[in-house]
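Q: So here's protein.cif, just mmCIF, C-alpha atoms:
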```
data_structure
#
loop_
_atom_site.group_PDB
_atom_site.id
_atom_site.type_symbol
_atom_site.label_atom_id
_atom_site.label_comp_id
_atom_site.auth_asym_id
_atom_site.auth_seq_id
_atom_site.Cartn_x
_atom_site.Cartn_y
_atom_site.Cartn_z
ATOM 1 C CA MET A 1 166.914 57.244 36.109
ATOM 2 C CA THR A 2 169.870 54.856 35.895
ATOM 3 C CA GLY A 3 170.638 51.616 37.720
ATOM 4 C CA SER A 4 168.570 48.929 39.345
ATOM 5 C CA LEU A 5 166.109 49.795 42.091
ATOM 6 C CA ARG A 6 164.998 47.811 45.117
ATOM 7 C CA VAL A 7 161.217 47.964 44.863
ATOM 8 C CA ALA A 8 158.238 46.530 46.728
ATOM 9 C CA VAL A 9 154.677 46.387 45.466
ATOM 10 C CA LEU A 10 152.337 46.578 48.444
ATOM 11 C CA GLY A 11 149.044 44.762 47.951
ATOM 12 C CA ALA A 12 147.568 41.468 46.845
ATOM 13 C CA SER A 13 150.276 39.887 44.668
ATOM 14 C CA GLY A 14 147.703 38.035 42.557
ATOM 15 C CA SER A 15 145.744 41.100 41.502
ATOM 16 C CA TRP A 16 145.850 42.289 37.889
ATOM 17 C CA HIS A 17 147.567 45.550 38.800
ATOM 18 C CA SER A 18 150.154 43.997 41.123
ATOM 19 C CA ARG A 19 151.083 41.354 38.564
ATOM 20 C CA ARG A 20 151.466 43.937 35.827
ATOM 21 C CA LEU A 21 153.559 46.226 38.017
ATOM 22 C CA ILE A 22 155.789 43.406 39.272
ATOM 23 C CA ASP A 23 156.372 42.130 35.732
ATOM 24 C CA GLY A 24 156.936 45.632 34.368
ATOM 25 C CA LEU A 25 159.438 46.567 37.068
ATOM 26 C CA ALA A 26 161.298 43.259 36.779
ATOM 27 C CA ALA A 27 161.476 43.602 32.982
ATOM 28 C CA ARG A 28 163.296 46.899 33.460
ATOM 29 C CA GLY A 29 165.913 45.238 35.661
ATOM 30 C CA HIS A 30 164.665 46.101 39.121
ATOM 31 C CA GLU A 31 164.639 43.824 42.158
ATOM 32 C CA VAL A 32 160.973 43.465 43.098
ATOM 33 C CA LEU A 33 159.253 42.158 46.230
ATOM 34 C CA ALA A 34 155.523 41.484 46.567
ATOM 35 C CA ILE A 35 154.370 42.520 50.048
ATOM 36 C CA PRO A 36 150.870 41.843 51.422
ATOM 37 C CA ALA A 37 149.697 44.871 53.406
ATOM 38 C CA THR A 38 148.771 42.590 56.329
ATOM 39 C CA ARG A 39 152.376 41.355 56.651
ATOM 40 C CA LEU A 40 154.004 44.650 57.607
ATOM 41 C CA ARG A 41 155.990 44.688 60.838
ATOM 42 C CA SER A 42 157.498 47.654 62.660
ATOM 43 C CA GLU A 43 160.504 47.080 64.904
ATOM 44 C CA ILE A 44 162.765 49.103 67.183
ATOM 45 C CA ASP A 45 165.953 47.107 67.761
ATOM 46 C CA GLU A 46 168.342 47.034 70.702
ATOM 47 C CA HIS A 47 170.388 49.824 69.121
ATOM 48 C CA GLY A 48 167.380 52.125 68.981
ATOM 49 C CA ASP A 49 167.052 51.867 65.212
ATOM 50 C CA VAL A 50 163.605 51.743 63.589
ATOM 51 C CA HIS A 51 162.867 49.205 60.859
ATOM 52 C CA VAL A 52 159.842 48.210 58.825
ATOM 53 C CA LEU A 53 159.881 44.570 57.813
ATOM 54 C CA GLY A 54 157.953 42.396 55.414
ATOM 55 C CA PRO A 55 157.565 38.613 55.118
ATOM 56 C CA ASP A 56 160.633 36.574 56.099
ATOM 57 C CA GLY A 57 162.173 39.628 57.736
ATOM 58 C CA ALA A 58 162.693 41.538 54.488
ATOM 59 C CA ARG A 59 164.045 45.024 55.326
ATOM 60 C CA LEU A 60 161.589 47.360 53.667
ATOM 61 C CA ASP A 61 163.439 50.420 54.980
ATOM 62 C CA ALA A 62 166.288 49.387 52.652
ATOM 63 C CA LEU A 63 164.058 49.850 49.602
ATOM 64 C CA ASP A 64 164.359 52.625 47.069
ATOM 65 C CA LEU A 65 160.679 52.559 46.151
ATOM 66 C CA MET A 66 157.375 51.309 47.581
ATOM 67 C CA VAL A 67 154.480 51.182 45.121
ATOM 68 C CA VAL A 68 151.225 51.103 47.107
ATOM 69 C CA ARG A 69 148.755 48.997 45.167
ATOM 70 C CA GLY A 70 146.285 47.964 47.834
ATOM 71 C CA LEU A 71 145.345 48.625 51.453
ATOM 72 C CA PRO A 72 142.623 46.166 52.552
ATOM 73 C CA ARG A 73 139.853 46.886 54.982
ATOM 74 C CA GLY A 74 140.533 46.249 58.643
ATOM 75 C CA SER A 75 139.965 47.560 62.132
ATOM 76 C CA LEU A 76 140.817 51.178 62.874
ATOM 77 C CA GLU A 77 144.019 50.034 64.594
ATOM 78 C CA GLN A 78 145.038 47.878 61.615
ATOM 79 C CA VAL A 79 144.455 50.668 59.111
ATOM 80 C CA ILE A 80 146.329 53.209 61.217
ATOM 81 C CA PHE A 81 149.233 50.816 61.732
ATOM 82 C CA ARG A 82 149.603 50.222 57.987
ATOM 83 C CA MET A 83 149.591 53.941 57.303
ATOM 84 C CA ASP A 84 152.046 54.534 60.150
ATOM 85 C CA ALA A 85 154.402 51.976 58.601
ATOM 86 C CA LEU A 86 154.267 53.850 55.292
ATOM 87 C CA HIS A 87 154.964 57.146 57.072
ATOM 88 C CA VAL A 88 157.993 55.595 58.796
ATOM 89 C CA LEU A 89 159.278 54.261 55.472
ATOM 90 C CA ALA A 90 158.890 57.671 53.882
ATOM 91 C CA GLU A 91 160.744 59.312 56.764
ATOM 92 C CA LEU A 92 163.535 56.737 56.359
ATOM 93 C CA GLY A 93 163.968 57.774 52.721
ATOM 94 C CA VAL A 94 161.858 55.212 50.866
ATOM 95 C CA ARG A 95 159.949 56.859 48.006
ATOM 96 C CA CYS A 96 156.326 55.799 48.308
ATOM 97 C CA VAL A 97 153.925 56.066 45.373
ATOM 98 C CA ASN A 98 151.626 57.412 46.358
ATOM 99 C CA ALA A 99 153.042 59.125 49.430
ATOM 100 C CA PRO A 100 151.205 58.190 52.640
ATOM 101 C CA ARG A 101 149.884 61.718 53.087
ATOM 102 C CA ALA A 102 148.398 61.671 49.575
ATOM 103 C CA ILE A 103 146.749 58.309 50.285
ATOM 104 C CA GLU A 104 145.244 59.667 53.502
ATOM 105 C CA ARG A 105 143.928 62.717 51.686
ATOM 106 C CA THR A 106 142.276 60.720 48.922
ATOM 107 C CA VAL A 107 140.811 57.921 51.022
ATOM 108 C CA ASP A 108 138.952 60.523 53.102
ATOM 109 C CA LYS A 109 136.326 62.100 50.832
ATOM 110 C CA SER A 110 135.717 65.018 53.204
ATOM 111 C CA TRP A 111 139.371 66.029 53.305
ATOM 112 C CA ALA A 112 139.775 65.529 49.564
ATOM 113 C CA SER A 113 136.745 67.713 48.804
ATOM 114 C CA ALA A 114 138.086 70.510 51.002
ATOM 115 C CA LEU A 115 141.497 70.347 49.328
ATOM 116 C CA LEU A 116 139.923 70.509 45.869
ATOM 117 C CA VAL A 117 137.935 73.623 46.730
ATOM 118 C CA ARG A 118 140.922 75.320 48.335
ATOM 119 C CA ALA A 119 142.908 74.643 45.153
ATOM 120 C CA GLY A 120 140.191 76.250 43.029
ATOM 121 C CA VAL A 121 138.991 72.959 41.531
ATOM 122 C CA PRO A 122 135.180 72.908 41.093
ATOM 123 C CA THR A 123 133.455 70.140 43.044
ATOM 124 C CA PRO A 124 129.787 69.659 44.014
ATOM 125 C CA PRO A 125 128.400 71.415 47.117
ATOM 126 C CA THR A 126 128.870 68.985 49.999
ATOM 127 C CA ILE A 127 127.980 68.799 53.679
ATOM 128 C CA VAL A 128 129.610 66.385 56.117
ATOM 129 C CA CYS A 129 128.264 65.869 59.632
ATOM 130 C CA GLU A 130 127.722 63.253 62.346
ATOM 131 C CA ARG A 131 124.141 63.791 63.515
ATOM 132 C CA TYR A 132 120.827 62.784 61.958
ATOM 133 C CA ASP A 133 119.334 66.245 62.270
ATOM 134 C CA GLY A 134 122.373 67.748 60.559
ATOM 135 C CA ALA A 135 122.014 65.244 57.711
ATOM 136 C CA MET A 136 118.344 66.101 57.237
ATOM 137 C CA GLN A 137 119.215 69.791 57.184
ATOM 138 C CA ALA A 138 121.899 69.024 54.592
ATOM 139 C CA PHE A 139 119.316 67.234 52.436
ATOM 140 C CA GLU A 140 117.128 70.325 52.380
ATOM 141 C CA GLN A 141 119.998 72.789 52.007
ATOM 142 C CA LEU A 142 121.398 70.909 49.014
ATOM 143 C CA GLY A 143 118.102 71.004 47.143
ATOM 144 C CA GLY A 144 116.400 67.736 48.044
ATOM 145 C CA ASP A 145 118.323 65.637 45.504
ATOM 146 C CA VAL A 146 121.548 64.306 46.992
ATOM 147 C CA VAL A 147 124.069 61.537 46.775
ATOM 148 C CA ILE A 148 125.078 59.964 50.100
ATOM 149 C CA LYS A 149 128.505 58.363 50.118
ATOM 150 C CA PRO A 150 130.574 56.491 52.692
ATOM 151 C CA LEU A 151 133.421 58.689 53.876
ATOM 152 C CA PHE A 152 135.794 55.831 53.009
ATOM 153 C CA GLY A 153 134.847 53.730 50.013
ATOM 154 C CA ALA A 154 135.467 52.909 46.371
ATOM 155 C CA MET A 155 133.948 51.345 43.230
ATOM 156 C CA GLY A 156 130.548 52.809 44.005
ATOM 157 C CA ASN A 157 129.979 50.685 47.090
ATOM 158 C CA GLY A 158 127.517 52.125 49.596
ATOM 159 C CA ILE A 159 126.507 55.117 47.455
ATOM 160 C CA VAL A 160 122.815 56.070 47.519
ATOM 161 C CA ARG A 161 120.932 58.771 45.628
ATOM 162 C CA VAL A 162 117.974 60.232 47.555
ATOM 163 C CA GLU A 163 115.325 62.512 46.027
ATOM 164 C CA ASP A 164 112.534 62.167 48.617
ATOM 165 C CA ARG A 165 112.436 63.522 52.180
ATOM 166 C CA ASP A 166 110.825 60.399 53.635
ATOM 167 C CA VAL A 167 113.464 58.222 51.993
ATOM 168 C CA ALA A 168 116.167 60.540 53.329
ATOM 169 C CA HIS A 169 114.712 60.111 56.816
ATOM 170 C CA ARG A 170 114.866 56.306 56.568
ATOM 171 C CA VAL A 171 118.358 56.251 55.071
ATOM 172 C CA PHE A 172 119.784 58.650 57.648
ATOM 173 C CA ARG A 173 118.142 56.804 60.558
ATOM 174 C CA ALA A 174 119.579 53.509 59.290
ATOM 175 C CA LEU A 175 123.033 55.037 58.985
ATOM 176 C CA GLU A 176 122.657 56.527 62.469
ATOM 177 C CA LEU A 177 122.618 52.981 63.895
ATOM 178 C CA GLU A 178 126.059 52.424 62.379
ATOM 179 C CA ARG A 179 127.473 55.577 64.017
ATOM 180 C CA THR A 180 128.472 56.757 60.583
ATOM 181 C CA VAL A 181 129.605 60.110 59.275
ATOM 182 C CA TYR A 182 127.143 61.565 56.769
ATOM 183 C CA TYR A 183 128.806 62.708 53.534
ATOM 184 C CA VAL A 184 125.987 64.384 51.612
ATOM 185 C CA GLN A 185 126.619 65.813 48.144
ATOM 186 C CA ARG A 186 124.278 67.623 45.755
ATOM 187 C CA THR A 187 123.371 65.533 42.713
ATOM 188 C CA ILE A 188 125.074 67.216 39.766
ATOM 189 C CA PHE A 189 123.984 67.151 36.117
ATOM 190 C CA ALA A 190 121.482 64.332 36.648
ATOM 191 C CA ALA A 191 120.284 64.433 33.020
ATOM 192 C CA GLY A 192 122.547 64.070 29.997
ATOM 193 C CA ARG A 193 125.814 64.223 31.874
ATOM 194 C CA ARG A 194 129.079 62.550 30.849
ATOM 195 C CA ASP A 195 131.063 60.586 33.427
ATOM 196 C CA LEU A 196 134.830 60.564 32.843
ATOM 197 C CA ARG A 197 137.709 58.770 34.539
ATOM 198 C CA VAL A 198 141.146 60.254 33.946
ATOM 199 C CA LEU A 199 144.428 58.616 34.924
ATOM 200 C CA VAL A 200 146.964 61.279 35.869
ATOM 201 C CA VAL A 201 150.572 60.107 36.172
ATOM 202 C CA GLY A 202 153.460 62.389 37.042
ATOM 203 C CA GLY A 203 151.398 65.520 36.480
ATOM 204 C CA ALA A 204 150.195 64.544 32.991
ATOM 205 C CA VAL A 205 147.179 62.732 31.595
ATOM 206 C CA ALA A 206 148.112 59.123 30.795
ATOM 207 C CA GLY A 207 144.660 58.082 29.570
ATOM 208 C CA ALA A 208 140.959 58.795 29.866
ATOM 209 C CA MET A 209 137.666 57.040 29.318
ATOM 210 C CA GLU A 210 133.980 57.794 29.394
ATOM 211 C CA ARG A 211 131.892 55.392 31.460
ATOM 212 C CA MET A 212 128.660 54.625 29.630
ATOM 213 C CA THR A 213 125.623 53.594 31.657
ATOM 214 C CA ASP A 214 121.866 54.061 31.928
ATOM 215 C CA SER A 215 122.215 54.575 35.690
ATOM 216 C CA TRP A 216 123.055 57.767 37.577
ATOM 217 C CA ARG A 217 125.993 55.822 39.050
ATOM 218 C CA ALA A 218 128.783 55.038 36.579
ATOM 219 C CA ASN A 219 131.271 52.458 37.812
ATOM 220 C CA VAL A 220 132.788 49.822 35.551
ATOM 221 C CA ALA A 221 132.747 47.452 38.536
ATOM 222 C CA ARG A 222 128.952 47.872 38.514
ATOM 223 C CA GLY A 223 128.373 47.368 34.813
ATOM 224 C CA ALA A 224 129.266 50.670 33.162
ATOM 225 C CA ARG A 225 130.936 50.301 29.758
ATOM 226 C CA PRO A 226 134.273 52.037 29.124
ATOM 227 C CA ARG A 227 134.713 54.066 25.949
ATOM 228 C CA THR A 228 137.761 55.960 24.788
ATOM 229 C CA VAL A 229 137.438 59.720 24.930
ATOM 230 C CA ALA A 230 139.476 62.751 23.877
ATOM 231 C CA LEU A 231 139.553 65.248 26.720
ATOM 232 C CA THR A 232 139.095 68.938 26.207
ATOM 233 C CA GLU A 233 141.827 71.237 27.460
ATOM 234 C CA THR A 234 139.585 72.210 30.393
ATOM 235 C CA GLU A 235 138.868 68.606 31.363
ATOM 236 C CA ALA A 236 142.540 67.628 31.225
ATOM 237 C CA GLY A 237 143.543 70.712 33.197
ATOM 238 C CA LEU A 238 141.030 70.017 35.952
ATOM 239 C CA ALA A 239 142.167 66.400 36.279
ATOM 240 C CA ILE A 240 145.795 67.479 36.597
ATOM 241 C CA ALA A 241 144.903 70.217 39.089
ATOM 242 C CA ALA A 242 142.880 67.772 41.192
ATOM 243 C CA SER A 243 145.777 65.317 41.349
ATOM 244 C CA ALA A 244 148.137 68.122 42.388
ATOM 245 C CA ALA A 245 145.691 69.347 45.047
ATOM 246 C CA VAL A 246 145.976 66.073 46.964
ATOM 247 C CA GLY A 247 149.688 65.626 46.239
ATOM 248 C CA ALA A 248 149.307 62.402 44.237
ATOM 249 C CA ASP A 249 151.916 61.128 41.779
ATOM 250 C CA VAL A 250 149.386 58.671 40.329
ATOM 251 C CA ALA A 251 145.659 59.426 40.571
ATOM 252 C CA GLY A 252 142.336 58.418 39.125
ATOM 253 C CA VAL A 253 140.203 61.545 38.782
ATOM 254 C CA ASP A 254 136.444 61.341 38.263
ATOM 255 C CA LEU A 255 134.834 64.190 36.324
ATOM 256 C CA LEU A 256 131.199 64.947 35.597
ATOM 257 C CA VAL A 257 130.453 67.061 32.531
ATOM 258 C CA SER A 258 127.098 68.743 31.911
ATOM 259 C CA PRO A 259 125.522 68.869 28.429
ATOM 260 C CA ASP A 260 126.721 72.479 28.066
ATOM 261 C CA GLY A 261 130.295 71.610 29.096
ATOM 262 C CA GLU A 262 130.358 72.634 32.756
ATOM 263 C CA THR A 263 132.783 70.281 34.512
ATOM 264 C CA VAL A 264 133.299 69.321 38.147
ATOM 265 C CA VAL A 265 135.617 66.900 39.908
ATOM 266 C CA VAL A 266 133.696 64.503 42.159
ATOM 267 C CA GLU A 267 136.483 62.261 43.410
ATOM 268 C CA VAL A 268 140.230 61.625 43.367
ATOM 269 C CA ASN A 269 141.448 58.060 43.900
ATOM 270 C CA GLY A 270 144.955 57.729 45.342
ATOM 271 C CA ILE A 271 145.247 53.989 44.611
ATOM 272 C CA PRO A 272 143.620 54.016 41.183
ATOM 273 C CA GLY A 273 142.887 51.070 38.961
ATOM 274 C CA TRP A 274 143.474 51.263 35.211
ATOM 275 C CA GLN A 275 142.428 47.797 34.018
ATOM 276 C CA ALA A 276 139.187 49.040 32.438
ATOM 277 C CA LEU A 277 140.937 52.094 31.021
ATOM 278 C CA GLN A 278 143.647 49.884 29.521
ATOM 279 C CA SER A 279 140.968 48.043 27.540
ATOM 280 C CA VAL A 280 140.275 51.230 25.550
ATOM 281 C CA CYS A 281 143.754 52.791 25.637
ATOM 282 C CA GLU A 282 146.509 51.998 23.129
ATOM 283 C CA GLN A 283 149.545 52.835 25.222
ATOM 284 C CA ASP A 284 150.697 50.524 28.021
ATOM 285 C CA LEU A 285 149.515 52.352 31.141
ATOM 286 C CA THR A 286 151.483 50.121 33.504
ATOM 287 C CA ASP A 287 154.662 51.083 31.656
ATOM 288 C CA VAL A 288 153.707 54.754 32.040
ATOM 289 C CA VAL A 289 153.298 54.258 35.794
ATOM 290 C CA VAL A 290 156.555 52.295 36.098
ATOM 291 C CA ARG A 291 158.563 54.934 34.243
ATOM 292 C CA ALA A 292 157.014 57.699 36.335
ATOM 293 C CA CYS A 293 157.976 55.850 39.515
ATOM 294 C CA GLU A 294 161.536 55.472 38.259
ATOM 295 C CA ALA A 295 161.709 59.195 37.580
ATOM 296 C CA LEU A 296 160.764 59.936 41.195
ATOM 297 C CA VAL A 297 163.725 58.025 42.608
ATOM 298 C CA THR A 298 167.250 59.378 42.567
ATOM 299 C CA VAL A 299 169.792 56.560 42.284
#
```
Would it be possible to restate this file's structure as structure tokens?
A:
Amino acid sequence: MTGSLRVAVLGASGSWHSRRLIDGLAARGHEVLAIPATRLRSEIDEHGDVHVLGPDGARLDALDLMVVRGLPRGSLEQVIFRMDALHVLAELGVRCVNAPRAIERTVDKSWASALLVRAGVPTPPTIVCERYDGAMQAFEQLGGDVVIKPLFGAMGNGIVRVEDRDVAHRVFRALELERTVYYVQRTIFAAGRRDLRVLVVGGAVAGAMERMTDSWRANVARGARPRTVALTETEAGLAIAASAAVGADVAGVDLLVSPDGETVVVEVNGIPGWQALQSVCEQDLTDVVVRACEALVTV
């Protein structure tokens, strides 16, 4: 990569990741804009040309690179509009990291799980349905010890482990009132398992950590303690394969490892954080991401 790029970082400009990316890109001589996801604007002008604009009318379709760092919650229309704007930018030649299709694949746990299996990546048995009776059947079919997850969600929010049929009944009835989709996954390696987070950048492992906790749910945002870890060849290979399965240039891959070494991928995050990982990793992960983004753009 040679020359200066016109780059936007999409997301909250005050977040740790956005600040690091903006500073890292600027330090390497690029022109960088910070764009809140809620300030996107799509426009068809009097000449029939399509544009995507940011604050103060900034022409985002003139960018070389859009780094997607955050897409906040919103109504269905708001979320679809933001994704549509990214698709338009990609079609106009702006390199998005990650690409909008990869973000859609990873934000939807059902789609991501199907893609992992089709790519030959081991993942826990999972049933997704819309009706209470289907969810109860899934509970029984998956062995009576399941993890129920929101179809869209991150950082462990809304995840429940259920080991009792009466509890399953109450949980599923409560979720029924919200007109939810039931994503029901067999609990894997409940005893003695290791929980790993791997950052995959440009098809290679940039860093990895083990998340230490006394709970069955291991999220640093919920109190788990990060610890540096050396991946086995199998673990690294599965993380890379999982990232490729969803088409992500930058991905956070969650692995569960049994005491005897059996490994499964439980989730792939298409807008991954690496702040906790950075605390136990010697190399500058933001610099790794920045250089990978540069390599994806032809100047």
Q: Could you check how far CA of Leu175 in chain A sits from CA of Arg161 in chain A, in Å to one decimal?
A: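 Atom-to-atom, CA of Leu175 in chain A to CA of Arg161 in chain A, that is 14.0 Å.
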Q: What gap, in Å, lies between CA of Gly192 in chain A and CA of Gln275 in chain A?
A: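 Those two atoms sit 26.0 Å apart.
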Q: Padding of 6 Å on every side, edges along x, y and z, all listed atoms of range 85-100 of chain A included: what centre and edge lengths in Å, to one decimal, does that box have, as AutoDock Vina command-line options?
A:
```
--center_x 157.6 --center_y 55.6 --center_z 52.1 --size_x 24.8 --size_y 19.3 --size_z 25.4
```
Q: Go through the shown structure with the PyMOL selection byres ((chain A and resi 2-8) around 6) and write out the matching residues as a list of chain:residue names.
A: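 Here the PyMOL selection byres ((chain A and resi 2-8) around 6) matches A:Met1, A:Val9, A:Gly29, A:His30, A:Glu31, A:Val32, A:Leu33, A:Ala34, A:Leu63, A:Asp64, A:Leu65, A:Met66.
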Q: When you look at Val128 in chain A with a cut-off of 9 Å (counting only C-alpha atoms), what residues show up, excluding the ones that are within fewer than 2 positions of it in the same chain? I need them as a compact mmCIF listing (two decimals) with C-alpha atoms, in the frame of the given file.
A:
```txt
# COMPACT_ATOMS: atom_id res chain seq x y z
CA SER A 110 135.72 65.02 53.20
CA THR A 126 128.87 68.98 50.00
CA GLU A 130 127.72 63.25 62.35
CA GLY A 134 122.37 67.75 60.56
CA ALA A 135 122.01 65.24 57.71
CA ALA A 138 121.90 69.02 54.59
CA LEU A 151 133.42 58.69 53.88
CA VAL A 181 129.60 60.11 59.28
CA TYR A 182 127.14 61.56 56.77
CA TYR A 183 128.81 62.71 53.53
CA VAL A 184 125.99 64.38 51.61
CA GLN A 185 126.62 65.81 48.14
```
Q: Using only C-alpha atoms, pick whichever of A:Gly120, A:Gly261, A:Gly144, A:Gly207 has the shortest atom-to-atom distance to Ala241 in chain A.
A: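 Closest candidate: A:Gly120.
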Q: Check what the PyMOL selection byres ((chain A and resi 71-87) around 9) selects in the file above and give those residues as a list in words.
A: Leu10, Gly11, Ala12, Pro36, Ala37, Thr38, Leu40, Arg41, Ser42, Val52, Met66, Val68, Arg69, Gly70, Val88, Leu89, Ala90, Glu91, Leu92, Val94, Cys96, Ala99, Pro100, Arg101, Ile103, Glu104 and Ile271 of chain A
Q: Please evaluate the PyMOL selection byres ((chain A and resi 123) around 8) against the structure above and give the resulting residues as a PDB file with C-alpha atoms, in the frame of the given file.
A:
```pdb
ATOM      1  CA  SER A 113     136.745  67.713  48.804  1.00  0.00           C
ATOM      2  CA  LEU A 116     139.923  70.509  45.869  1.00  0.00           C
ATOM      3  CA  VAL A 117     137.935  73.623  46.730  1.00  0.00           C
ATOM      4  CA  VAL A 121     138.991  72.959  41.531  1.00  0.00           C
ATOM      5  CA  PRO A 122     135.180  72.908  41.093  1.00  0.00           C
ATOM      6  CA  PRO A 124     129.787  69.659  44.014  1.00  0.00           C
ATOM      7  CA  PRO A 125     128.400  71.415  47.117  1.00  0.00           C
ATOM      8  CA  VAL A 264     133.299  69.321  38.147  1.00  0.00           C
ATOM      9  CA  VAL A 265     135.617  66.900  39.908  1.00  0.00           C
ATOM     10  CA  VAL A 266     133.696  64.503  42.159  1.00  0.00           C
TER      11      VAL A 266
END
```
Q: Per residue of range 176-271 of chain A within 8 Å of range 283-292 of chain A, record the nearest atom pair and its distance in Å to one decimal, counting all atoms listed in the file, with rows in chain order and ascending residue number, as CSV.
A:
```
residue,atom,partner,partner_atom,distance
A:Val201,CA,A:Val289,CA,6.5
A:Gly202,CA,A:Ala292,CA,5.9
A:Ala206,CA,A:Leu285,CA,6.9
A:Gly207,CA,A:Leu285,CA,7.7
A:Val250,CA,A:Val289,CA,7.4
```
Q: For CA of Ala245 in chain A and CA of Ala119 in chain A, quote the distance in Å rounded to one decimal.
A: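 Between CA of Ala245 in chain A and CA of Ala119 in chain A the gap is 6.0 Å.
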Q: With only C-alpha atoms as the atoms that count, which of A:Ile22, A:Arg105, A:Phe152, A:Phe139 lies nearest to Asp164 in chain A?
A: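 Residue with the minimum atom-to-atom distance to Asp164 in chain A: A:Phe139.
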Q: Give the answer as one residue: which of A:Val297, A:Ile148, A:Val67, A:Ala174 has the shortest atom-to-atom distance to Val97 in chain A, using all atoms listed in the file?
A: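 Smallest separation from Val97 in chain A among the options: A:Val67.
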Q: Given the choices A:Asp195, A:Glu43, A:Asp249, A:Asp145, which gets closest to Thr263 in chain A if the distance is worked out from only C-alpha atoms?
A: A:Asp195
Q: Find, counting all atoms listed in the file, the residue in A:Glu140, A:Glu176, A:Glu163, A:Glu210 that gets nearest to Thr228 in chain A.
A: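 Distance minimum relative to Thr228 in chain A lands on A:Glu210.
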Q: Restricting the calculation to all atoms listed in the file: of A:Arg118, A:Lys109, A:Arg20, A:Lys149, which residue gets closest to Arg186 in chain A?
A: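 Under the stated criterion, the closest residue is A:Lys149.
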